[in-house]
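Reading through the structure tokens given below for one structure.
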Amino acid sequence: MPTYRLAALAVFLGATTLPAADWPQFRGPNRDGVSTESGLLKSWTKAGPAKMWEVKNLGLGFGTPSVAEGKVFGLGTRDDKDGVWALNEADGKELWFTPFDDPRKTNQNNGPSGTPTVVGGKAFALSSKGKLVCLDAKTGKLDWQVDFVKDFGGSVPGWGYTESPLIDGDKVICTPGGKNTLVALDKATGSVVWKAAIPKADGAHYSSVIAIEIASQRQYIQFVRGGVVAVGASDGAFLWRYDTPANGTANCSTPIFHDGYVFAASAYSTGGGLAKVSKADSKFEAKEVYFDKRMQNHHGGLVLVDGYLYGEASGKLGCINFMTGEIAWTEPKAGKGSITYADGHLYYRNEGGKGTVFLVEANPKKYVEKGRFDQPDRSKTNSWAYPVVANGRLYIRDQDTLLCYNIAAK
């Protein structure tokens with residue numbers, strides 16, 4: 001990995017060193033679904049890659065695991081409590097489970113849906129009802145907690161809070177929604193650094209914050225109920241918004257940012273679009289470049305590789321030119337699912353049926369499949385957790401089961 005990227009990641013996660021192959025937060029080191037790992041299998045046998053271990057009874061939940069500091073972390077509902085679990089990365093042995101909130105029991109996605117963020121020996125995680133905790137990553141001991149509803153006037157979204165907290169330097173950035181749409185907390189104590197009041201007082205939805213820079217201004221971007229919004233990193237001041245990609249039901253997928261442009265998409269007959277964000281005098285503006293209803297992406301996210309977006313496009317795996325919006329190809333047999341990129345390939349997981357995992361070339365010219373396998377011990381619930389690639393391994397979660405596969409070429 002280039003030195004400048006390692007330095008950027010150290011600032012982003014507030015750490016002095018960061019193993020390049022760890023996956024310490026939702027969508028990986030850069031929060032964009034892209035792994036920098038190399039030396040991975042270029043194709044799979046008919047049976048798929050070799051399974052290294054499998055763990056059951058972790059607790060119900062749709063959240064994606066994270067991998068850091070020699071451990072695998074996740075959220076689940078166990079013994080009628082939402083909590084965080086930690087496993088030994090080598091063999092899957094459970095190290096600890098810390099319950100910290102009562103679960104939701106009101107809708108289809110019972111169980112927490114976020115991903116713990118792990119940095120500097122601490123794990124930060126959010127329950128479905130909006131309790132944010134900081135835990136000691138080695139022992140699971142609680143350091144501090146806040147409550148989005150009681151402390152910030154937030155309102156639990158219809159399917160619960162699903163955010164994966166962002167750590168940026170000494171701050172934790174998260175989204176209670178409403179009058180305090182976003183807040184920044186001191187990473188060490190949980191005390192308030194700033195509160196961001198967004199025009200329209202948007203409620204929280206189901207995406208997670210990313211950190212970007214435009215015109216030398218560090219900003220935090222979030223996809224809330226009414227659209228994509230941005231605030232200043234230093235003070236939480238509102239900067240701009242882009243509303244076209246939002247729908248009234250569920251905005252789930254994390255926006256993609258590159259070189260001053262932001263792409264965001266949602267489902268429910270909406271679609272996806274690109275906006276150019278620029279600064280004139282002292283104000284920022286997001287101006288739409290294109291929008292296409294065929295680019296509906298429900299919850300499985302997108303990855304940007306060499307100028308092309310890959311991910312679900314209206315129920316199919318699709319490839320889209322980032323700058324023009326031209327659809328290069330779509331493949332219906334891969335269906336609707338979630339995506340991660342590593343070493344020239346897409347790891348794509350179908351949400352239904354057998355929970356099939358596909359290995360596909362990141363090829364803008366055509367769909368080239370290099371392997372697939374059906375998940376064993378499949379639950380009867382949609383498989384919404386994203387594939388995770390870390391340290392030569394592929395992690396697949398299905399409710400209370402986590403499977404670990406060896407995808408290293410040697």
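In the structure tokens, chains take letters A, B, ... by order of appearance, with residues numbered from 1 within each chain and ligands from 1 in the order shown.
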
Polymer residues at most 10 Å from A:Leu402, only C-alpha atoms, same-chain spacing of 2 or more positions, as a ChimeraX atom specification = /A:53-58,64-65,72,74,92,377,395-400,404

Print the selection's residues with C-alpha atoms to a file, as an mmCIF file, in the first residue's frame.
```
data_model
loop_
_atom_site.group_PDB
_atom_site.id
_atom_site.type_symbol
_atom_site.label_atom_id
_atom_site.label_comp_id
_atom_site.auth_asym_id
_atom_site.auth_seq_id
_atom_site.Cartn_x
_atom_site.Cartn_y
_atom_site.Cartn_z
ATOM 1 C CA TRP A 53 -13.889 -22.678 10.893
ATOM 2 C CA GLU A 54 -17.540 -22.081 11.707
ATOM 3 C CA VAL A 55 -19.111 -20.649 14.864
ATOM 4 C CA LYS A 56 -22.782 -20.856 15.839
ATOM 5 C CA ASN A 57 -24.994 -19.335 18.553
ATOM 6 C CA LEU A 58 -23.438 -15.884 18.269
ATOM 7 C CA THR A 64 -21.431 -7.385 9.202
ATOM 8 C CA PRO A 65 -18.412 -8.431 11.294
ATOM 9 C CA VAL A 72 -13.374 -10.814 14.900
ATOM 10 C CA GLY A 74 -19.884 -8.479 15.734
ATOM 11 C CA GLY A 92 -13.156 -18.618 15.978
ATOM 12 C CA ASP A 377 -26.065 -24.110 7.367
ATOM 13 C CA TYR A 395 -16.039 -14.095 6.388
ATOM 14 C CA ILE A 396 -19.716 -14.813 5.773
ATOM 15 C CA ARG A 397 -22.284 -14.148 8.489
ATOM 16 C CA ASP A 398 -25.825 -15.540 8.567
ATOM 17 C CA GLN A 399 -27.722 -14.506 11.704
ATOM 18 C CA ASP A 400 -26.088 -16.368 14.636
ATOM 19 C CA CYS A 404 -14.492 -18.319 7.814
#
```

If we count only C-alpha atoms, what is near A:Tyr405 at a cut-off of 12 Å, once residues fewer than 6 positions away on the same chain are taken out, given as an MDAnalysis selection string?
-> chainID A and resid 40:41 44 47:54 89:92 357 373 375:376 387:397

Point out the residue among A:Phe263, A:Phe152, A:Phe124, A:Phe358 with the least atom-to-atom distance to A:Lys179, counting only C-alpha atoms.
-> A:Phe152

Counting only C-alpha atoms, closest pick from A:Thr162, A:Thr356, A:Thr117, A:Ser191 relative to A:Gln145 is A:Ser191

Skip stretch 309-321 of chain A itself and residues of its chain fewer than 4 positions away, then list as a VMD selection string all residues within 10 Å of it, counting only C-alpha atoms.
-> chain A and resid 256 263 265 to 272 293 to 305 325 to 341 346 348 350 362 to 367

Create the file for the chosen residues now, containing C-alpha atoms and written as a tab-separated table (two decimals), in the first residue's frame.
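See selection-v6.tsv below for the written result:
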```tsv
chain	number	residue	atom	x	y	z
A	256	ILE	CA	-19.47	6.73	-2.73
A	263	PHE	CA	-22.85	8.93	-5.88
A	265	ALA	CA	-28.65	5.30	-4.57
A	266	SER	CA	-31.67	3.72	-2.94
A	267	ALA	CA	-34.45	1.30	-3.86
A	268	TYR	CA	-38.26	1.53	-3.68
A	269	SER	CA	-38.55	2.74	-7.30
A	270	THR	CA	-36.03	5.53	-6.77
A	271	GLY	CA	-32.57	4.95	-8.34
A	272	GLY	CA	-29.10	6.43	-8.15
A	293	LYS	CA	-33.94	4.87	-12.03
A	294	ARG	CA	-32.29	1.67	-13.24
A	295	MET	CA	-29.56	2.11	-10.62
A	296	GLN	CA	-31.62	1.14	-7.59
A	297	ASN	CA	-29.41	-0.18	-4.79
A	298	HIS	CA	-31.33	-1.36	-1.76
A	299	HIS	CA	-28.84	-2.17	0.98
A	300	GLY	CA	-25.90	-4.09	-0.49
A	301	GLY	CA	-23.68	-1.13	-1.28
A	302	LEU	CA	-21.41	-0.31	-4.20
A	303	VAL	CA	-17.66	-0.30	-4.82
A	304	LEU	CA	-15.70	2.02	-7.11
A	305	VAL	CA	-12.86	0.36	-9.05
A	325	GLY	CA	-23.84	6.87	-15.53
A	326	GLU	CA	-23.69	4.57	-18.55
A	327	ILE	CA	-24.57	1.00	-17.58
A	328	ALA	CA	-21.77	-1.23	-18.91
A	329	TRP	CA	-23.49	-4.53	-18.05
A	330	THR	CA	-25.91	-6.25	-15.69
A	331	GLU	CA	-26.13	-9.90	-14.68
A	332	PRO	CA	-29.47	-11.22	-13.38
A	333	LYS	CA	-28.19	-14.60	-12.17
A	334	ALA	CA	-26.19	-12.94	-9.40
A	335	GLY	CA	-29.39	-11.22	-8.29
A	336	LYS	CA	-29.74	-8.79	-5.42
A	337	GLY	CA	-27.00	-8.76	-2.82
A	338	SER	CA	-24.06	-7.12	-1.05
A	339	ILE	CA	-20.57	-6.49	-2.37
A	340	THR	CA	-16.88	-6.21	-1.42
A	341	TYR	CA	-13.81	-5.81	-3.65
A	346	LEU	CA	-15.83	-8.75	-6.58
A	348	TYR	CA	-20.87	-10.73	-4.14
A	350	ASN	CA	-26.95	-13.02	-2.94
A	362	ALA	CA	-13.94	-6.47	-11.69
A	363	ASN	CA	-14.21	-6.19	-15.46
A	364	PRO	CA	-16.07	-3.24	-17.00
A	365	LYS	CA	-16.40	-4.98	-20.38
A	366	LYS	CA	-18.35	-8.07	-19.35
A	367	TYR	CA	-19.47	-10.33	-16.51
```

Find the residues near A:Ser278: any atom within 10 Å, counting only C-alpha atoms, skip ones fewer than 5 places away on the same chain, and give them as a ChimeraX atom specification.
-> /A:214-215,240,260-261,283-287
